[in-house]
Amino acid sequence: MPGSAKHVTRSLTLHFHPLSSFCHKVLIALYENDTPFTPQIVNLMDEGERTAFRKLWPIGKFPVLRDDARGKTVPESSIVVEYLDRHYPGVTHFIPSDAEAARKVRLNDRFFDLYIHLPMQKIVGDRLRPADKKDPHGVAEARAQIANALDMIERGMLQHPWAIGEGFTLADCAAAPSLFYADKVMSFGATHPNAAAYLERLKQRPSYARVLQEAEPYFKFFPQES
Ligand SMILES: N[C@@H](CCC(=O)N[C@@H](CS)C(=O)NCC(=O)O)C(=O)O
């Protein structure tokens with residue numbers, strides 16, 4: 001199970017789903033530092049669970065971290081990783097203390113979330129729409145946006161093993177699920193070898209390998225193109 005502990009207190013609860021790409025981002029951060037937490041899988045298809053979850057965070061999107069020790073409910077994946085970095089630090093630092101390096105990390109986090117992750121969600125979300133409510137124009141725009149972002153990576157955006165250098169950061173937590181699922185909806189191994197090699201490094205990283213292993217039983221529920 002996720003969240004096996006090495007420390008004593010377990011004040012953190014992660015509300016998430018193993019298939020959810022934005023949840024992967026936070027799970028990577030938790031596993032990087034072996035941070036103890038209680039995993040709370042939320043089934044949004046279940047009305048009772050959905051209602052309870054919306055009491056926690058009315059926007060209704062996971063991941064959401066609850067920290068009972070500090071009396072905080074923390075939504076939004078990037079903010080959760082920043083919160084963990086500040087209050088539950090470990091060997092992997094997700095936001096560098098150097099301001100310029102921190103700016104690069106946050107920029108890359110935005111890059112992967114906004115220009116790969118969200119368009120990927122658009123493509124997957126369209127697969128769930130009723131046949132008469134599809135949005136082919138929006139999907140084409142999303143594909144173009146992902147292709148543009150992959151081109152930027154290919155042109156040398158990634159000069160190092162990890163997003164901004166030798167150290168694994170929040171930017172890599174953001175990159176892993178966005179590239180993993182983007183590759184599922186528009187396979188880019190043949191067209192973008194640098195991006196594909198980076199994705200391979202991310203998949204080999206023990207924290208993300210563990211997230212993917214735990215998601216494996218759920219992949220059959222990933223919507224396929226009809
Ligand atoms: N900006 C949010 C996005 C979270 C998000 O989109 N979560 C998706 C799962 S990957 C979700 O909860 N979808 C359920 C829904 O929209 O009903 C974050 O970074 O945490």
# chains A, B, ... in the order shown; residues from 1 in each chain; ligands from 1
>>> residues_near_ligand(ligand="ligand 1", cutoff="9 Å", atoms="only C-alpha atoms and all ligand atoms", output="number ranges by chain")
A: 16-17, 19-26, 44-45, 50, 59-64, 75-80, 113, 117-118, 121, 174
>>> select_by_dssp(residues="region 32-186 of chain A", states="strand (DSSP E)", output="PyMOL selection string")
chain A and resi 38-41+64-67+72-75
>>> atom_distance(atom1="CA of Val139 (chain A)", atom2="CA of Asp183 (chain A)")
15.2 Å
>>> atom_distance(atom1="CA of Lys72 (chain A)", atom2="CA of Thr51 (chain A)")
19.6 Å
>>> residues_around(residues="Trp162 (chain A)", least_positions_apart="6", cutoff="8 Å", atoms="only C-alpha atoms", output="compact mmCIF listing (two decimals) with all heavy atoms, in the first residue's frame")
# COMPACT_ATOMS: atom_id res chain seq x y z
N PHE A 168 16.65 16.69 -8.52
CA PHE A 168 15.23 16.38 -8.80
C PHE A 168 14.37 17.36 -8.00
O PHE A 168 14.57 17.51 -6.79
CB PHE A 168 14.98 14.94 -8.36
CG PHE A 168 13.66 14.37 -8.78
CD1 PHE A 168 13.55 13.65 -9.97
CD2 PHE A 168 12.54 14.51 -7.98
CE1 PHE A 168 12.34 13.09 -10.36
CE2 PHE A 168 11.32 13.95 -8.36
CZ PHE A 168 11.23 13.24 -9.55
N THR A 169 13.44 18.05 -8.65
CA THR A 169 12.66 19.11 -8.00
C THR A 169 11.16 18.97 -8.29
O THR A 169 10.74 18.03 -8.98
CB THR A 169 13.09 20.51 -8.51
OG1 THR A 169 12.73 20.60 -9.89
CG2 THR A 169 14.59 20.76 -8.34
N ASP A 172 10.22 18.27 -11.83
CA ASP A 172 10.23 16.87 -12.28
C ASP A 172 8.99 16.12 -11.80
O ASP A 172 8.47 15.25 -12.50
CB ASP A 172 11.52 16.19 -11.80
CG ASP A 172 12.75 16.90 -12.33
OD1 ASP A 172 12.97 16.88 -13.54
OD2 ASP A 172 13.46 17.54 -11.52
N TYR A 198 13.82 11.71 -21.46
CA TYR A 198 13.54 12.31 -20.13
C TYR A 198 12.41 11.54 -19.44
O TYR A 198 12.50 11.20 -18.26
CB TYR A 198 13.19 13.78 -20.32
CG TYR A 198 12.77 14.53 -19.07
CD1 TYR A 198 13.47 14.40 -17.88
CD2 TYR A 198 11.67 15.38 -19.09
CE1 TYR A 198 13.10 15.11 -16.73
CE2 TYR A 198 11.29 16.10 -17.96
CZ TYR A 198 11.99 15.95 -16.79
OH TYR A 198 11.61 16.63 -15.66
>>> residues_around(residues="region 211-223 of chain A", least_positions_apart="5", cutoff="9 Å", atoms="only C-alpha atoms", output="PyMOL selection string")
chain A and resi 1-2+17-20+24+27-28+31+124-125+127-128+203+206
>>> residues_around(residues="Leu14 (chain A)", least_positions_apart="4", cutoff="7 Å", atoms="only C-alpha atoms", output="ChimeraX atom specification")
/A:37-40,63-66
>>> write_last_selection(atoms="N, CA, C and O atoms", output="mmCIF file, in the first residue's frame")
data_model
loop_
_atom_site.group_PDB
_atom_site.id
_atom_site.type_symbol
_atom_site.label_atom_id
_atom_site.label_comp_id
_atom_site.auth_asym_id
_atom_site.auth_seq_id
_atom_site.Cartn_x
_atom_site.Cartn_y
_atom_site.Cartn_z
ATOM 1 N N PHE A 37 2.295 8.951 5.436
ATOM 2 C CA PHE A 37 0.968 9.552 5.253
ATOM 3 C C PHE A 37 -0.061 8.437 5.177
ATOM 4 O O PHE A 37 0.266 7.281 4.892
ATOM 5 N N THR A 38 -1.308 8.824 5.422
ATOM 6 C CA THR A 38 -2.406 7.877 5.281
ATOM 7 C C THR A 38 -3.035 8.079 3.910
ATOM 8 O O THR A 38 -3.488 9.193 3.603
ATOM 9 N N PRO A 39 -3.043 7.050 3.067
ATOM 10 C CA PRO A 39 -3.663 7.197 1.750
ATOM 11 C C PRO A 39 -5.176 7.067 1.832
ATOM 12 O O PRO A 39 -5.679 6.101 2.405
ATOM 13 N N GLN A 40 -5.883 8.045 1.313
ATOM 14 C CA GLN A 40 -7.351 8.002 1.302
ATOM 15 C C GLN A 40 -7.815 8.075 -0.158
ATOM 16 O O GLN A 40 -7.863 9.159 -0.746
ATOM 17 N N PRO A 63 -5.275 16.140 -6.099
ATOM 18 C CA PRO A 63 -5.045 15.759 -4.707
ATOM 19 C C PRO A 63 -5.349 16.874 -3.714
ATOM 20 O O PRO A 63 -5.250 18.058 -4.037
ATOM 21 N N VAL A 64 -5.709 16.442 -2.488
ATOM 22 C CA VAL A 64 -5.819 17.353 -1.349
ATOM 23 C C VAL A 64 -5.104 16.687 -0.173
ATOM 24 O O VAL A 64 -5.335 15.506 0.108
ATOM 25 N N LEU A 65 -4.241 17.461 0.462
ATOM 26 C CA LEU A 65 -3.524 16.964 1.633
ATOM 27 C C LEU A 65 -4.156 17.549 2.880
ATOM 28 O O LEU A 65 -4.399 18.765 2.944
ATOM 29 N N ARG A 66 -4.424 16.695 3.851
ATOM 30 C CA ARG A 66 -4.904 17.161 5.154
ATOM 31 C C ARG A 66 -3.785 16.920 6.160
ATOM 32 O O ARG A 66 -3.243 15.810 6.242
#
>>> select_by_dssp(residues="region 4-101 of chain A", states="alpha helix (DSSP H)", output="PyMOL selection string")
chain A and resi 21-32+47-56+77-87+99-101
>>> write_last_selection(atoms="N, CA and C atoms", output="CSV table (one decimal), in the first residue's frame")
chain,number,residue,atom,x,y,z
A,21,SER,N,-3.5,11.9,-12.6
A,21,SER,CA,-2.2,12.4,-13.0
A,21,SER,C,-1.7,13.5,-12.0
A,22,PHE,N,-2.6,14.4,-11.6
A,22,PHE,CA,-2.1,15.4,-10.7
A,22,PHE,C,-1.8,14.8,-9.3
A,23,CYS,N,-2.5,13.7,-9.0
A,23,CYS,CA,-2.1,13.0,-7.7
A,23,CYS,C,-0.7,12.4,-7.8
A,24,HIS,N,-0.4,11.9,-9.0
A,24,HIS,CA,1.0,11.3,-9.2
A,24,HIS,C,2.0,12.3,-8.7
A,25,LYS,N,1.8,13.6,-9.1
A,25,LYS,CA,2.8,14.6,-8.8
A,25,LYS,C,3.1,14.7,-7.3
A,26,VAL,N,2.1,14.6,-6.5
A,26,VAL,CA,2.2,14.7,-5.0
A,26,VAL,C,2.8,13.3,-4.5
A,27,LEU,N,2.3,12.2,-5.0
A,27,LEU,CA,2.8,10.9,-4.6
A,27,LEU,C,4.3,10.8,-4.8
A,28,ILE,N,4.7,11.3,-5.9
A,28,ILE,CA,6.2,11.3,-6.2
A,28,ILE,C,6.9,12.0,-5.1
A,29,ALA,N,6.4,13.2,-4.7
A,29,ALA,CA,7.1,14.0,-3.7
A,29,ALA,C,7.1,13.3,-2.3
A,30,LEU,N,6.0,12.6,-2.0
A,30,LEU,CA,5.9,11.9,-0.7
A,30,LEU,C,6.9,10.7,-0.7
A,31,TYR,N,6.9,10.0,-1.9
A,31,TYR,CA,7.8,8.8,-1.9
A,31,TYR,C,9.3,9.2,-2.0
A,32,GLU,N,9.6,10.3,-2.6
A,32,GLU,CA,11.0,10.8,-2.7
A,32,GLU,C,11.6,10.8,-1.3
A,47,GLU,N,-21.4,9.0,-5.1
A,47,GLU,CA,-22.0,10.3,-4.7
A,47,GLU,C,-21.6,10.7,-3.2
A,48,GLY,N,-21.7,9.7,-2.3
A,48,GLY,CA,-21.3,10.0,-0.9
A,48,GLY,C,-19.9,10.4,-0.8
A,49,GLU,N,-19.0,9.7,-1.5
A,49,GLU,CA,-17.6,10.1,-1.4
A,49,GLU,C,-17.3,11.5,-2.0
A,50,ARG,N,-18.0,11.7,-3.1
A,50,ARG,CA,-17.9,13.0,-3.8
A,50,ARG,C,-18.3,14.2,-2.9
A,51,THR,N,-19.5,14.0,-2.3
A,51,THR,CA,-20.0,15.0,-1.4
A,51,THR,C,-19.1,15.3,-0.2
A,52,ALA,N,-18.6,14.2,0.4
A,52,ALA,CA,-17.7,14.3,1.5
A,52,ALA,C,-16.4,15.0,1.1
A,53,PHE,N,-15.9,14.7,-0.1
A,53,PHE,CA,-14.6,15.3,-0.6
A,53,PHE,C,-14.8,16.8,-0.8
A,54,ARG,N,-16.0,17.1,-1.4
A,54,ARG,CA,-16.3,18.6,-1.7
A,54,ARG,C,-16.4,19.4,-0.4
A,55,LYS,N,-16.7,18.7,0.7
A,55,LYS,CA,-16.7,19.5,2.0
A,55,LYS,C,-15.3,19.9,2.3
A,56,LEU,N,-14.3,19.0,1.9
A,56,LEU,CA,-12.9,19.3,2.2
A,56,LEU,C,-12.4,20.4,1.3
A,77,SER,N,-1.8,20.6,-6.4
A,77,SER,CA,-0.6,19.7,-6.4
A,77,SER,C,0.7,20.5,-6.2
A,78,SER,N,0.9,21.6,-6.9
A,78,SER,CA,2.1,22.3,-6.7
A,78,SER,C,2.3,22.9,-5.3
A,79,ILE,N,1.1,23.3,-4.8
A,79,ILE,CA,1.1,23.9,-3.4
A,79,ILE,C,1.4,22.8,-2.4
A,80,VAL,N,0.8,21.6,-2.6
A,80,VAL,CA,1.0,20.5,-1.7
A,80,VAL,C,2.5,20.2,-1.7
A,81,VAL,N,3.2,20.1,-2.8
A,81,VAL,CA,4.6,19.8,-2.9
A,81,VAL,C,5.4,20.9,-2.1
A,82,GLU,N,5.0,22.1,-2.4
A,82,GLU,CA,5.7,23.2,-1.7
A,82,GLU,C,5.5,23.1,-0.2
A,83,TYR,N,4.3,22.8,0.2
A,83,TYR,CA,4.0,22.6,1.7
A,83,TYR,C,4.8,21.5,2.3
A,84,LEU,N,4.9,20.4,1.6
A,84,LEU,CA,5.7,19.2,2.1
A,84,LEU,C,7.2,19.7,2.2
A,85,ASP,N,7.6,20.4,1.2
A,85,ASP,CA,9.0,20.8,1.2
A,85,ASP,C,9.3,21.7,2.4
A,86,ARG,N,8.4,22.5,2.8
A,86,ARG,CA,8.6,23.5,3.9
A,86,ARG,C,8.4,22.8,5.2
A,87,HIS,N,7.4,22.0,5.4
A,87,HIS,CA,7.0,21.5,6.7
A,87,HIS,C,7.4,20.1,7.0
A,99,ALA,N,17.0,31.9,-5.1
A,99,ALA,CA,15.8,32.5,-5.7
A,99,ALA,C,15.7,32.2,-7.2
A,100,GLU,N,16.8,32.4,-7.9
A,100,GLU,CA,16.8,32.2,-9.3
A,100,GLU,C,16.5,30.7,-9.7
A,101,ALA,N,17.1,29.8,-9.0
A,101,ALA,CA,16.8,28.4,-9.2
A,101,ALA,C,15.3,28.1,-8.9
>>> closest_residue(among="A:Phe180, A:Leu150, A:Ser11, A:Val185", to="Leu199 (chain A)", atoms="only C-alpha atoms")
A:Phe180
>>> closest_residue(among="A:Gln224, A:Gln204, A:Asn194, A:Asn33", to="Phe94 (chain A)", atoms="only C-alpha atoms")
A:Asn33
>>> atom_distance(atom1="CA of Ala182 (chain A)", atom2="CA of Met120 (chain A)")
5.5 Å
>>> closest_residue(among="A:Ala196, A:Val42, A:Ala209, A:Val105", to="Ile153 (chain A)", atoms="only C-alpha atoms")
A:Ala196
>>> closest_residue(among="A:Asp34, A:Lys104, A:Asp98, A:Arg10", to="Arg210 (chain A)", atoms="only C-alpha atoms")
A:Asp34
>>> residues_around(residues="Gly138 (chain A)", least_positions_apart="4", cutoff="9 Å", atoms="only C-alpha atoms", output="MDAnalysis selection string")
chainID A and resid 122:123 126 134 142:143
>>> write_last_selection(atoms="N, CA, C and O atoms", output="compact mmCIF listing (two decimals), in the first residue's frame")
# COMPACT_ATOMS: atom_id res chain seq x y z
N LYS A 122 -7.59 17.55 -21.48
CA LYS A 122 -8.64 17.92 -22.44
C LYS A 122 -8.90 16.75 -23.41
O LYS A 122 -10.05 16.39 -23.69
N ILE A 123 -7.80 16.14 -23.88
CA ILE A 123 -7.93 15.03 -24.83
C ILE A 123 -8.60 13.83 -24.15
O ILE A 123 -9.52 13.22 -24.70
N ASP A 126 -12.30 14.50 -23.37
CA ASP A 126 -13.18 14.43 -24.54
C ASP A 126 -13.62 12.99 -24.82
O ASP A 126 -14.72 12.77 -25.34
N LYS A 134 -18.90 15.95 -28.34
CA LYS A 134 -17.45 15.96 -28.51
C LYS A 134 -17.00 17.35 -28.97
O LYS A 134 -17.78 18.12 -29.54
N ALA A 142 -5.59 21.21 -28.33
CA ALA A 142 -4.83 20.61 -27.23
C ALA A 142 -3.64 19.82 -27.77
O ALA A 142 -2.53 19.89 -27.25
N ARG A 143 -3.87 19.08 -28.85
CA ARG A 143 -2.77 18.30 -29.45
C ARG A 143 -1.66 19.24 -29.96
O ARG A 143 -0.47 18.97 -29.79
>>> closest_residue(among="A:Arg129, A:His93, A:Arg110, A:His192", to="Gly156 (chain A)", atoms="only C-alpha atoms")
A:His192
>>> closest_residue(among="A:Pro119, A:Pro136, A:Pro96, A:Pro58", to="Leu179 (chain A)", atoms="only C-alpha atoms")
A:Pro119
